[in-house]
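Shown below: final_7.cif, with mmCIF, C-alpha atoms and all ligand atoms.
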data_input
loop_
_atom_site.label_atom_id
_atom_site.label_comp_id
_atom_site.auth_asym_id
_atom_site.auth_seq_id
_atom_site.Cartn_x
_atom_site.Cartn_y
_atom_site.Cartn_z
CA MET A 295 103.28 -10.83 -56.67
CA THR A 296 105.47 -8.51 -54.65
CA GLU A 297 106.36 -8.59 -50.98
CA SER A 298 103.83 -7.37 -48.41
CA PRO A 299 104.18 -3.70 -47.47
CA PRO A 300 105.90 -2.97 -44.17
CA SER A 301 102.76 -1.32 -42.76
CA ALA A 302 100.07 -3.62 -41.36
CA LEU A 303 97.45 -1.49 -43.08
CA VAL A 304 96.12 -2.89 -46.36
CA PHE A 305 93.79 -0.92 -48.60
CA ASP A 306 90.64 -3.00 -48.99
CA PRO A 307 87.97 -1.54 -51.29
CA PHE A 308 86.08 -4.84 -51.11
CA ALA A 309 85.58 -4.56 -47.31
CA PRO A 310 81.91 -4.57 -46.22
CA GLY A 311 80.54 -1.04 -46.11
CA PHE A 312 83.42 0.51 -48.10
CA THR A 313 81.33 1.61 -51.09
CA ASP A 314 78.69 3.13 -48.77
CA ASP A 315 81.29 5.14 -46.86
CA PRO A 316 84.94 4.85 -47.89
CA TYR A 317 86.07 7.93 -45.94
CA PRO A 318 87.06 6.35 -42.60
CA HIS A 319 89.26 3.86 -44.46
CA TYR A 320 90.86 6.64 -46.51
CA ALA A 321 91.55 8.58 -43.29
CA GLU A 322 93.35 5.50 -41.89
CA MET A 323 95.41 5.22 -45.07
CA ARG A 324 96.34 8.93 -45.03
CA ASP A 325 97.56 8.64 -41.46
CA GLY A 326 99.13 5.19 -41.46
CA ALA A 327 100.24 4.41 -45.03
CA PRO A 328 99.97 7.47 -47.29
CA VAL A 329 102.16 5.92 -50.02
CA HIS A 330 100.86 2.38 -49.93
CA GLN A 331 101.80 -0.67 -51.92
CA HIS A 332 99.01 -3.18 -51.99
CA PRO A 333 99.99 -6.87 -51.74
CA VAL A 334 98.83 -7.44 -55.36
CA GLY A 335 101.30 -4.81 -56.55
CA PHE A 336 99.50 -1.53 -57.25
CA TRP A 337 100.20 1.66 -55.27
CA LEU A 338 97.73 4.03 -53.63
CA LEU A 339 98.29 7.71 -52.79
CA THR A 340 95.84 9.33 -50.39
CA ARG A 341 97.30 12.70 -49.30
CA TYR A 342 96.40 15.91 -51.14
CA GLU A 343 99.99 16.93 -51.78
CA ASP A 344 100.97 13.55 -53.28
CA VAL A 345 97.77 13.15 -55.34
CA SER A 346 98.06 16.65 -56.69
CA TRP A 347 101.70 16.04 -57.65
CA LEU A 348 100.93 12.73 -59.37
CA LEU A 349 98.16 14.21 -61.53
CA ARG A 350 100.40 17.01 -62.75
CA ALA A 351 103.62 15.01 -63.07
CA GLY A 352 102.95 14.06 -66.70
CA LEU A 353 103.32 10.34 -66.03
CA SER A 354 101.97 7.71 -68.39
CA VAL A 355 98.42 6.37 -68.61
CA GLU A 356 99.29 3.83 -71.24
CA ASP A 357 101.15 0.57 -70.94
CA ARG A 358 102.67 0.29 -74.41
CA ASN A 359 106.23 0.94 -73.28
CA LEU A 360 106.15 -1.47 -70.39
CA ALA A 361 107.66 -4.91 -70.05
CA GLU A 362 105.30 -7.91 -70.04
CA SER A 363 106.23 -8.50 -66.41
CA SER A 364 105.31 -5.00 -65.19
CA PRO A 365 102.81 -5.13 -62.32
CA PHE A 366 100.35 -3.10 -64.40
CA ARG A 367 100.46 -5.49 -67.40
CA MET A 368 100.04 -8.43 -65.05
CA MET A 369 96.97 -6.88 -63.41
CA GLN A 370 95.33 -6.05 -66.75
CA GLU A 371 96.19 -9.52 -68.01
CA ALA A 372 94.67 -11.14 -64.91
CA MET A 373 91.42 -9.20 -65.32
CA TYR A 374 90.82 -9.00 -69.07
CA GLY A 375 93.38 -11.17 -70.90
CA ASP A 376 93.38 -9.82 -74.46
CA ARG A 377 89.79 -8.53 -74.23
CA LEU A 378 90.55 -5.04 -72.94
CA PRO A 379 87.47 -2.83 -73.44
CA ARG A 380 87.78 -0.37 -76.34
CA PHE A 381 86.73 2.43 -74.07
CA ASP A 382 89.82 1.84 -71.95
CA ALA A 383 92.27 1.08 -74.68
CA ARG A 384 91.64 3.82 -77.22
CA SER A 385 89.97 6.79 -75.58
CA MET A 386 92.07 9.88 -74.78
CA LEU A 387 91.75 9.03 -71.10
CA ASP A 388 94.16 6.16 -71.74
CA ARG A 389 96.53 7.67 -74.25
CA ASP A 390 99.87 9.40 -73.85
CA PRO A 391 101.30 12.09 -76.13
CA PRO A 392 101.46 12.40 -79.05
CA ASP A 393 98.11 10.57 -79.43
CA HIS A 394 96.61 12.12 -76.30
CA THR A 395 97.49 15.64 -77.45
CA ARG A 396 96.07 14.97 -80.89
CA LEU A 397 92.82 13.35 -79.69
CA ARG A 398 92.23 15.94 -76.98
CA ARG A 399 92.79 18.81 -79.40
CA LEU A 400 90.39 17.36 -81.94
CA VAL A 401 87.65 16.65 -79.38
CA ALA A 402 88.14 19.99 -77.60
CA LYS A 403 87.52 21.70 -80.94
CA ALA A 404 84.00 20.36 -80.93
CA PHE A 405 83.62 21.05 -77.21
CA THR A 406 84.17 24.79 -76.97
CA PRO A 407 82.98 27.06 -74.12
CA ARG A 408 80.63 28.63 -76.67
CA ALA A 409 79.07 25.25 -77.45
CA VAL A 410 78.62 24.62 -73.71
CA ARG A 411 77.08 28.07 -73.11
CA ALA A 412 74.67 27.51 -75.97
CA LEU A 413 73.27 24.49 -74.08
CA ARG A 414 72.16 26.59 -71.09
CA PRO A 415 68.55 27.25 -72.18
CA HIS A 416 68.13 23.56 -72.95
CA VAL A 417 69.44 22.57 -69.50
CA VAL A 418 67.10 25.07 -67.81
CA GLU A 419 64.15 23.68 -69.76
CA LEU A 420 65.08 20.09 -68.89
CA VAL A 421 65.50 20.88 -65.18
CA ASP A 422 62.22 22.78 -65.00
CA GLY A 423 60.35 19.93 -66.70
CA MET A 424 61.85 17.45 -64.22
CA LEU A 425 61.00 19.68 -61.25
CA ASP A 426 57.41 20.06 -62.54
CA ALA A 427 57.07 16.28 -62.54
CA MET A 428 58.59 16.10 -59.04
CA GLY A 429 56.12 18.69 -57.78
CA ARG A 430 53.21 16.64 -59.09
CA ALA A 431 54.50 13.38 -57.58
CA ARG A 432 55.57 14.97 -54.23
CA ARG A 433 57.51 11.84 -53.19
CA VAL A 434 60.19 10.75 -55.64
CA ASP A 435 63.58 9.15 -55.97
CA LEU A 436 65.79 12.15 -56.70
CA ILE A 437 68.24 10.03 -58.69
CA GLU A 438 65.52 8.79 -61.07
CA ALA A 439 63.73 12.13 -61.18
CA LEU A 440 66.68 14.49 -61.73
CA ALA A 441 70.25 13.41 -60.99
CA PHE A 442 70.40 10.69 -63.67
CA PRO A 443 68.06 11.87 -66.45
CA LEU A 444 69.48 15.40 -66.60
CA PRO A 445 73.12 14.65 -67.56
CA PHE A 446 72.01 11.71 -69.69
CA ALA A 447 69.58 13.85 -71.68
CA VAL A 448 72.22 16.55 -72.12
CA ILE A 449 74.99 14.29 -73.44
CA ALA A 450 72.53 12.28 -75.57
CA LYS A 451 71.31 15.48 -77.19
CA MET A 452 74.84 16.86 -77.60
CA LEU A 453 75.85 13.73 -79.46
CA GLY A 454 72.61 13.71 -81.46
CA THR A 455 71.50 10.26 -80.26
CA PRO A 456 68.16 8.89 -81.55
CA SER A 457 65.81 8.48 -78.57
CA SER A 458 65.13 4.84 -79.54
CA ASP A 459 68.73 4.06 -78.46
CA HIS A 460 68.62 5.88 -75.10
CA GLU A 461 67.46 3.03 -72.88
CA ARG A 462 69.94 0.49 -74.24
CA ILE A 463 72.83 2.98 -74.10
CA ARG A 464 71.92 3.77 -70.52
CA GLU A 465 71.99 0.05 -69.59
CA LEU A 466 75.25 -0.64 -71.43
CA THR A 467 77.18 2.38 -70.16
CA GLY A 468 76.18 1.38 -66.62
CA VAL A 469 78.11 -1.87 -67.16
CA VAL A 470 81.09 -0.55 -69.16
CA VAL A 471 81.76 2.09 -66.51
CA ARG A 472 82.81 -0.71 -64.14
CA SER A 473 85.98 -1.12 -66.23
CA LEU A 474 87.23 2.02 -64.44
CA GLU A 475 87.66 0.11 -61.19
CA PRO A 476 89.12 -3.18 -59.94
CA VAL A 477 86.77 -6.06 -60.68
CA ALA A 478 87.05 -9.37 -58.85
CA ASP A 479 84.06 -11.16 -60.42
CA PRO A 480 84.82 -12.97 -63.74
CA ASP A 481 81.13 -12.78 -64.78
CA LEU A 482 81.26 -9.01 -64.44
CA VAL A 483 84.42 -8.92 -66.57
CA SER A 484 82.61 -10.86 -69.32
CA ALA A 485 79.60 -8.54 -68.99
CA ILE A 486 81.88 -5.48 -69.33
CA VAL A 487 83.54 -6.88 -72.46
CA ALA A 488 80.16 -7.77 -74.04
CA ALA A 489 78.59 -4.40 -73.18
CA ASP A 490 81.62 -2.58 -74.58
CA ALA A 491 81.30 -4.47 -77.89
CA GLU A 492 77.55 -3.78 -78.16
CA LEU A 493 78.00 -0.12 -77.31
CA ALA A 494 80.78 0.18 -79.90
CA GLY A 495 78.37 -1.34 -82.47
CA ILE A 496 75.71 1.26 -81.63
CA ALA A 497 78.28 4.06 -81.86
CA ALA A 498 79.54 2.75 -85.23
CA GLU A 499 75.97 2.75 -86.62
CA MET A 500 75.39 6.27 -85.34
CA ILE A 501 78.63 7.46 -86.92
CA ALA A 502 77.74 5.88 -90.27
CA TRP A 503 74.32 7.54 -90.14
CA LYS A 504 75.76 10.94 -89.23
CA ARG A 505 78.25 10.72 -92.09
CA GLU A 506 75.26 10.49 -94.43
CA ASN A 507 73.07 12.90 -92.44
CA PRO A 508 75.30 15.53 -90.86
CA ALA A 509 73.58 17.66 -88.24
CA ASP A 510 74.37 20.41 -85.76
CA ASP A 511 75.64 18.09 -83.03
CA LEU A 512 78.83 16.98 -81.28
CA LEU A 513 79.11 13.67 -83.13
CA THR A 514 78.97 15.39 -86.53
CA ALA A 515 81.53 17.88 -85.23
CA LEU A 516 83.81 15.02 -84.11
CA ILE A 517 83.49 13.37 -87.52
CA ASN A 518 84.43 16.66 -89.17
CA ALA A 519 87.04 17.75 -86.61
CA GLU A 520 90.25 18.28 -88.50
CA ASP A 521 93.64 19.68 -87.63
CA ASP A 522 96.23 20.16 -90.36
CA GLY A 523 94.65 17.39 -92.37
CA ASP A 524 94.49 15.12 -89.31
CA VAL A 525 91.09 13.55 -88.54
CA LEU A 526 89.85 10.96 -86.05
CA GLY A 527 90.05 7.41 -87.45
CA GLU A 528 86.96 5.17 -87.21
CA GLU A 529 88.10 3.26 -84.10
CA GLU A 530 89.24 6.49 -82.47
CA LEU A 531 85.89 8.10 -83.17
CA ILE A 532 84.06 5.16 -81.61
CA ALA A 533 86.25 5.23 -78.48
CA GLN A 534 85.89 9.01 -77.98
CA THR A 535 82.12 8.68 -78.45
CA LEU A 536 81.95 5.99 -75.73
CA LEU A 537 84.14 8.12 -73.46
CA LEU A 538 81.86 11.13 -73.90
CA TYR A 539 78.73 9.08 -73.20
CA ILE A 540 80.19 7.62 -70.03
CA ALA A 541 82.09 10.66 -68.76
CA GLY A 542 79.13 12.83 -69.72
CA HIS A 543 76.61 11.28 -67.36
CA GLU A 544 78.03 8.56 -65.07
CA THR A 545 79.93 11.30 -63.23
CA THR A 546 77.48 14.21 -63.06
CA VAL A 547 74.77 11.90 -61.69
CA ASN A 548 77.03 11.40 -58.65
CA LEU A 549 77.59 15.13 -58.27
CA ILE A 550 73.88 15.97 -58.29
CA GLY A 551 72.87 12.89 -56.24
CA GLY A 552 75.76 13.03 -53.76
CA GLY A 553 75.52 16.82 -53.47
CA ALA A 554 71.79 16.69 -52.78
CA LEU A 555 72.29 14.01 -50.15
CA ALA A 556 75.04 16.01 -48.41
CA LEU A 557 72.75 19.03 -48.36
CA LEU A 558 69.75 17.10 -47.05
CA ARG A 559 71.86 15.62 -44.26
CA ASP A 560 72.82 19.11 -43.11
CA PRO A 561 69.79 21.39 -42.67
CA GLY A 562 72.03 24.32 -41.66
CA GLN A 563 73.82 24.19 -45.02
CA GLN A 564 70.53 23.68 -46.86
CA ALA A 565 69.21 26.86 -45.22
CA LEU A 566 72.40 28.72 -46.14
CA LEU A 567 71.85 28.02 -49.83
CA ARG A 568 68.12 28.77 -49.55
CA ASP A 569 68.88 32.18 -48.00
CA ASP A 570 71.72 33.02 -50.37
CA PRO A 571 71.11 31.58 -53.87
CA GLY A 572 74.20 33.47 -55.09
CA LEU A 573 76.25 30.88 -53.20
CA VAL A 574 75.35 28.14 -55.68
CA ALA A 575 78.58 28.12 -57.73
CA ASN A 576 80.75 27.80 -54.61
CA ALA A 577 78.27 25.29 -53.15
CA VAL A 578 78.76 23.07 -56.20
CA GLU A 579 82.57 23.25 -55.78
CA GLU A 580 82.18 22.22 -52.14
CA MET A 581 79.87 19.36 -53.09
CA LEU A 582 82.53 18.21 -55.59
CA ARG A 583 85.12 18.32 -52.82
CA TYR A 584 82.99 16.75 -50.12
CA ASP A 585 82.00 13.64 -52.07
CA SER A 586 84.12 13.18 -55.16
CA PRO A 587 81.95 11.85 -58.05
CA VAL A 588 85.05 10.16 -59.51
CA GLN A 589 86.98 8.79 -56.58
CA ALA A 590 90.27 7.89 -58.22
CA SER A 591 92.57 8.40 -61.20
CA ARG A 592 95.49 6.24 -62.17
CA ARG A 593 98.91 6.65 -63.70
CA ILE A 594 101.71 4.31 -64.70
CA THR A 595 105.34 5.08 -63.88
CA VAL A 596 107.78 4.70 -66.76
CA GLU A 597 110.78 5.35 -64.51
CA PRO A 598 111.26 5.22 -60.73
CA VAL A 599 109.67 8.16 -58.85
CA THR A 600 109.93 9.25 -55.23
CA VAL A 601 106.69 10.28 -53.52
CA GLY A 602 106.48 11.27 -49.86
CA GLY A 603 109.98 9.85 -49.36
CA VAL A 604 109.03 6.44 -50.81
CA GLU A 605 110.47 5.15 -54.09
CA ILE A 606 107.95 3.70 -56.52
CA PRO A 607 109.61 1.60 -59.25
CA ALA A 608 109.11 1.89 -63.02
CA GLY A 609 106.12 0.03 -64.46
CA ALA A 610 103.99 0.54 -61.34
CA PHE A 611 100.24 1.16 -61.45
CA VAL A 612 99.60 4.10 -59.12
CA MET A 613 96.09 5.04 -57.99
CA ALA A 614 95.51 8.58 -56.79
CA SER A 615 92.54 8.81 -54.45
CA LEU A 616 90.88 12.09 -55.41
CA ALA A 617 88.23 11.44 -52.76
CA SER A 618 90.81 11.08 -50.02
CA ALA A 619 92.85 14.10 -51.15
CA ASN A 620 89.66 16.15 -51.03
CA ARG A 621 89.25 15.24 -47.34
CA ASP A 622 92.88 15.58 -46.26
CA GLU A 623 92.95 17.62 -43.03
CA ARG A 624 96.60 18.50 -43.74
CA PHE A 625 95.43 20.62 -46.67
CA TRP A 626 91.83 21.59 -45.81
CA GLY A 627 92.11 21.98 -42.05
CA PRO A 628 90.26 20.26 -39.21
CA ASP A 629 86.79 20.70 -40.78
CA ALA A 630 87.78 18.77 -43.94
CA GLY A 631 85.11 16.16 -43.17
CA GLU A 632 82.31 18.71 -43.02
CA LEU A 633 80.25 20.32 -45.76
CA ARG A 634 80.88 24.09 -45.73
CA LEU A 635 79.18 25.65 -48.74
CA ASN A 636 81.04 28.92 -48.24
CA ARG A 637 84.50 27.33 -47.93
CA GLU A 638 86.82 29.83 -49.54
CA ASN A 639 89.22 27.47 -51.27
CA ALA A 640 86.65 24.80 -52.23
CA ARG A 641 87.65 25.16 -55.90
CA GLN A 642 91.06 23.67 -55.11
CA HIS A 643 89.50 20.20 -54.99
CA VAL A 644 90.93 17.60 -57.37
CA SER A 645 87.59 16.10 -58.40
CA PHE A 646 88.12 17.00 -62.06
CA GLY A 647 91.69 15.73 -61.95
CA ALA A 648 94.54 18.09 -62.88
CA GLY A 649 97.35 18.36 -65.40
CA PRO A 650 97.19 17.01 -68.96
CA HIS A 651 94.04 14.91 -68.42
CA HIS A 652 92.04 17.56 -66.54
CA CYS A 653 88.35 16.94 -67.22
CA LEU A 654 87.29 18.27 -70.60
CA GLY A 655 83.64 18.43 -69.49
CA ALA A 656 84.17 20.34 -66.22
CA SER A 657 82.37 23.49 -67.35
CA LEU A 658 79.43 21.47 -68.65
CA ALA A 659 79.16 19.51 -65.39
CA ARG A 660 79.39 22.72 -63.35
CA MET A 661 76.68 24.36 -65.43
CA GLU A 662 74.31 21.40 -65.11
CA ALA A 663 74.80 21.17 -61.35
CA CYS A 664 74.47 24.93 -60.76
CA ILE A 665 71.20 25.09 -62.68
CA ALA A 666 69.90 21.95 -60.95
CA PHE A 667 70.67 23.19 -57.39
CA GLU A 668 69.61 26.77 -58.02
CA ARG A 669 66.20 25.75 -59.31
CA LEU A 670 65.71 22.79 -56.97
CA THR A 671 66.34 25.00 -53.92
CA ALA A 672 64.08 27.81 -55.18
CA ARG A 673 61.28 25.45 -56.11
CA PHE A 674 61.40 23.11 -53.10
CA PRO A 675 63.01 25.07 -50.24
CA HIS A 676 61.96 22.42 -47.74
CA LEU A 677 62.95 19.33 -49.68
CA SER A 678 63.61 16.50 -47.24
CA ARG A 679 64.74 12.89 -47.16
CA ASP A 680 61.93 10.39 -47.19
CA GLY A 681 63.40 6.90 -46.96
CA GLU A 682 66.60 4.87 -47.05
CA VAL A 683 69.50 6.00 -49.21
CA ARG A 684 71.17 3.31 -51.29
CA TRP A 685 74.65 3.59 -52.85
CA ASN A 686 75.56 2.30 -56.29
CA GLY A 687 78.16 -0.15 -54.91
CA ARG A 688 80.96 1.26 -57.07
CA ILE A 689 84.50 1.91 -55.90
CA ASN A 690 85.34 4.62 -58.42
CA LEU A 691 82.31 6.33 -60.00
CA ARG A 692 80.56 6.25 -56.64
CA GLY A 693 77.30 7.92 -55.65
CA PRO A 694 73.79 7.25 -54.34
CA SER A 695 71.62 5.03 -56.54
CA HIS A 696 68.37 5.76 -54.63
CA LEU A 697 67.61 8.95 -52.77
CA PRO A 698 63.92 9.11 -51.79
CA VAL A 699 62.78 12.66 -51.08
CA SER A 700 59.61 14.53 -50.31
CA THR A 701 59.14 17.90 -52.00
CA GLY A 702 57.58 19.31 -48.81
C1 LIG B 801 88.51 13.42 -67.61
C2 LIG B 801 85.92 13.92 -63.54
C3 LIG B 801 82.05 15.32 -66.12
C4 LIG B 801 84.52 14.46 -70.19
C5 LIG B 801 88.13 13.48 -66.30
C6 LIG B 801 89.02 13.22 -65.18
C7 LIG B 801 88.28 13.33 -64.04
C8 LIG B 801 86.94 13.69 -64.43
C9 LIG B 801 88.77 13.09 -62.61
C10 LIG B 801 90.51 12.93 -65.29
C11 LIG B 801 90.88 11.51 -65.20
C12 LIG B 801 92.38 11.33 -65.09
O1 LIG B 801 93.10 12.18 -64.56
O2 LIG B 801 92.87 10.28 -65.49
C13 LIG B 801 84.66 14.36 -63.89
C14 LIG B 801 83.62 14.72 -62.95
C15 LIG B 801 82.52 15.11 -63.67
C16 LIG B 801 82.89 15.00 -65.07
C17 LIG B 801 83.75 14.64 -61.43
C18 LIG B 801 81.17 15.56 -63.22
C19 LIG B 801 80.88 15.98 -62.03
C20 LIG B 801 82.37 15.23 -67.45
C21 LIG B 801 81.50 15.55 -68.55
C22 LIG B 801 82.19 15.28 -69.70
C23 LIG B 801 83.51 14.81 -69.32
C24 LIG B 801 80.09 16.10 -68.41
C25 LIG B 801 81.79 15.40 -71.14
C26 LIG B 801 80.61 15.50 -71.64
C27 LIG B 801 85.79 14.10 -69.83
C28 LIG B 801 86.82 13.74 -70.79
C29 LIG B 801 87.97 13.42 -70.05
C30 LIG B 801 87.62 13.61 -68.64
C31 LIG B 801 86.67 13.71 -72.32
C32 LIG B 801 89.31 12.95 -70.58
C33 LIG B 801 90.31 14.06 -70.61
C34 LIG B 801 91.69 13.58 -71.00
O3 LIG B 801 92.03 12.39 -70.83
O4 LIG B 801 92.46 14.41 -71.50
N1 LIG B 801 86.88 13.79 -65.81
N2 LIG B 801 84.18 14.54 -65.16
N3 LIG B 801 83.59 14.79 -67.95
N4 LIG B 801 86.30 14.02 -68.55
FE1 LIG B 801 85.27 14.41 -66.87
#
Please express what this file holds, its structure, as structure tokens.
Amino acid sequence: MTESPPSALVFDPFAPGFTDDPYPHYAEMRDGAPVHQHPVGFWLLTRYEDVSWLLRAGLSVEDRNLAESSPFRMMQEAMYGDRLPRFDARSMLDRDPPDHTRLRRLVAKAFTPRAVRALRPHVVELVDGMLDAMGRARRVDLIEALAFPLPFAVIAKMLGTPSSDHERIRELTGVVVRSLEPVADPDLVSAIVAADAELAGIAAEMIAWKRENPADDLLTALINAEDDGDVLGEEELIAQTLLLYIAGHETTVNLIGGGALALLRDPGQQALLRDDPGLVANAVEEMLRYDSPVQASRRITVEPVTVGGVEIPAGAFVMASLASANRDERFWGPDAGELRLNRENARQHVSFGAGPHHCLGASLARMEACIAFERLTARFPHLSRDGEVRWNGRINLRGPSHLPVSTG
């Protein structure tokens, strides 16, 4: 435990209503405590300039060099003890150089722009099939009908997953993804650890099968990825596979779901896209900015750093609120809180992170969302909300879990 911060403001992601709409609280933090130390020890940055600096500063994401008494170690210890999920401990998201460089290079090899482009016809076919079904049903939950199944089908196909495993993987990834945010409930911690182990077992079986039956898919490519004789070890392969499953769909679902909701709440913007379909790529950037599908990234300081005039000590766990940075009026201007599909600098959002860990799947996510919004708008120009929106209750990978719509 450290001393209370001098400001009376305390970041409280467990406050009622926060996961439905965290933005007013982030605005308070930006104004009143932009470099904030929470009473339990971690730090939170909420201004664009500070967040953007942190992501690019090349700080650590790994705790191996830290003392047992570092605030980060103590937090991890308090939550997981020695049961840290594999996904967190071994994926590239949580590794520093040289391992991060090595893992990222090997995975990127199997994840080339050409491989992403080659998926386009498949994505179009998937979207059209989903829109056909929506047209027949007329009233649907957009998350169930499009936002979730699209990215899931894409990453499952990329990895060459047997369809018999889809349902279970979907359930398990939905639990493991909670390890990316603070968890106060010990039952949820146990559920995360159990789901992580089961998912790792499924991935190990798939890897063994692919070794015997290589195919034209990402998993086979990961198994074969080699750099100067360097290959991914078994545990590394499993962790990168889990990362790709989770990053591949638990994020894009929020982009398509949150983007659609933002559009449906603003008929003027919906009409803008309807009248100018060429706006779709910029519209997707603005949707990413407006409601960040991944709300936060984290880094660990290995030496003291000064941010916004405040010194943060070594060994500190620092959260960067991407969502808040994306709404910072100091950077975006007074209309930061409004959706403006033709915003000129929308692409400067930090929703895909920045620096060494910049999202490896950004072009895939952009392609999926562009195809989804282009075809959704053309097919159902008068799509409208038709019931209560529900949010998924998550602090980090946040988005709507139910979005009832009528196809008009
Ligand atoms: C990393 C966001 C889609 C794969 C990241 C990071 C963010 C992010 C913020 C950096 C985390 C950090 O700085 O610590 C998003 C968003 C997406 C999306 C908002 C969709 C809208 C995808 C997809 C894939 C993917 C579709 C792959 C199929 C990855 C990987 C990393 C990553 C492998 C780790 C990169 C590294 O640590 O070097 N993503 N992502 N992401 N993302 Fe994405």
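Nearest residue to Val604 in chain A, choosing from A:Pro650, A:Pro328, A:Gly553, A:Gly335 and counting only C-alpha atoms: A:Pro328.
Contacts with ligand LIG 801 (chain B) are defined as any residue atom within 6 Å of a ligand atom, using all atoms listed in the file; the residues meeting this criterion are Met386, Leu387, Arg398, Leu538, Ala541, Gly542, Thr545, Thr546, Leu549, Pro587, Val588, Ser591, Arg592, Ser645, Phe646, Gly647, Pro650, His651, His652, Cys653, Leu654, Gly655, Ala656, Leu658 and Ala659 of chain A.
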For this session: Between A:Pro445, A:Pro392, A:Pro415, A:Gly326, single out the one closest to Ile540 in chain A, counting all atoms listed in the file.
Result: A:Pro445
Problem set entry | Among listed residues A:Val448, A:Leu633, A:Ala485, A:Leu526, nearest Arg396 in chain A (using only C-alpha atoms) | A:Leu526
For this session: Quick one: everything within 12 Å of Arg593 in chain A, counting all atoms listed in the file, minus sequence neighbours fewer than 5 positions away in the same chain. Send it as a ChimeraX atom specification.
Result: /A:336-339,345,347-357,366,387-390,599,606,608-615,647,649-651
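Nearest to Ile496 in chain A of all the residues A:Thr455, A:Gln564, A:Thr671, A:Thr340 is A:Thr455, based on all atoms listed in the file.
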For this session: Rank A:Thr595, A:Gln563, A:Ser700, A:Asn518 by their smallest atom-to-atom distance to Glu632 in chain A, using all atoms listed in the file, and report the top residue only.
Result: A:Gln563
Problem set entry | Test item: residues at most 8 Å from range 466-473 of chain A, all atoms listed in the file, excluding those fewer than 2 positions along its chain, as a list of chain:residue names | A:Pro379, A:Asp382, A:Arg462, A:Ile463, A:Arg464, A:Glu475, A:Pro476, A:Val477, A:Val483, A:Ala485, A:Ile486, A:Val487, A:Ala489, A:Asp490, A:Glu492, A:Leu493, A:Tyr539, A:Ile540, A:Glu544, A:Arg688, A:Leu691
Restricting the output to C-alpha atoms, write the selected residues as a PDB file, keeping the file's coordinate frame.
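Result written to out-v6.pdb:
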ATOM      1  CA  PRO A 379      87.470  -2.830 -73.440  1.00  0.00           C
ATOM      2  CA  ASP A 382      89.820   1.840 -71.950  1.00  0.00           C
ATOM      3  CA  ARG A 462      69.940   0.490 -74.240  1.00  0.00           C
ATOM      4  CA  ILE A 463      72.830   2.980 -74.100  1.00  0.00           C
ATOM      5  CA  ARG A 464      71.920   3.770 -70.520  1.00  0.00           C
ATOM      6  CA  GLU A 475      87.660   0.110 -61.190  1.00  0.00           C
ATOM      7  CA  PRO A 476      89.120  -3.180 -59.940  1.00  0.00           C
ATOM      8  CA  VAL A 477      86.770  -6.060 -60.680  1.00  0.00           C
ATOM      9  CA  VAL A 483      84.420  -8.920 -66.570  1.00  0.00           C
ATOM     10  CA  ALA A 485      79.600  -8.540 -68.990  1.00  0.00           C
ATOM     11  CA  ILE A 486      81.880  -5.480 -69.330  1.00  0.00           C
ATOM     12  CA  VAL A 487      83.540  -6.880 -72.460  1.00  0.00           C
ATOM     13  CA  ALA A 489      78.590  -4.400 -73.180  1.00  0.00           C
ATOM     14  CA  ASP A 490      81.620  -2.580 -74.580  1.00  0.00           C
ATOM     15  CA  GLU A 492      77.550  -3.780 -78.160  1.00  0.00           C
ATOM     16  CA  LEU A 493      78.000  -0.120 -77.310  1.00  0.00           C
ATOM     17  CA  TYR A 539      78.730   9.080 -73.200  1.00  0.00           C
ATOM     18  CA  ILE A 540      80.190   7.620 -70.030  1.00  0.00           C
ATOM     19  CA  GLU A 544      78.030   8.560 -65.070  1.00  0.00           C
ATOM     20  CA  ARG A 688      80.960   1.260 -57.070  1.00  0.00           C
ATOM     21  CA  LEU A 691      82.310   6.330 -60.000  1.00  0.00           C
TER      22      LEU A 691
END
Since the input is missing atoms, can you rebuild N, CA and C atoms for range 504-511 of chain A and write them as a short mmCIF file (atom, residue, chain, number, x, y, z; two decimals), in the frame of the given file?
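The resulting file, selection-v5.cif, is shown below:
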data_model
loop_
_atom_site.label_atom_id
_atom_site.label_comp_id
_atom_site.auth_asym_id
_atom_site.auth_seq_id
_atom_site.Cartn_x
_atom_site.Cartn_y
_atom_site.Cartn_z
N LYS A 504 75.42 9.49 -89.25
CA LYS A 504 75.76 10.94 -89.23
C LYS A 504 76.62 11.33 -90.43
N ARG A 505 77.44 10.40 -90.90
CA ARG A 505 78.25 10.72 -92.09
C ARG A 505 77.33 11.03 -93.27
N GLU A 506 76.23 10.27 -93.34
CA GLU A 506 75.26 10.49 -94.43
C GLU A 506 74.33 11.66 -94.14
N ASN A 507 74.04 11.87 -92.84
CA ASN A 507 73.07 12.90 -92.44
C ASN A 507 73.69 13.84 -91.41
N PRO A 508 74.65 14.64 -91.83
CA PRO A 508 75.30 15.53 -90.86
C PRO A 508 74.30 16.48 -90.23
N ALA A 509 74.52 16.78 -88.95
CA ALA A 509 73.58 17.66 -88.24
C ALA A 509 74.39 18.59 -87.35
N ASP A 510 73.68 19.47 -86.65
CA ASP A 510 74.37 20.41 -85.76
C ASP A 510 74.55 19.75 -84.39
N ASP A 511 75.42 18.77 -84.31
CA ASP A 511 75.64 18.09 -83.03
C ASP A 511 77.10 17.71 -82.85
#
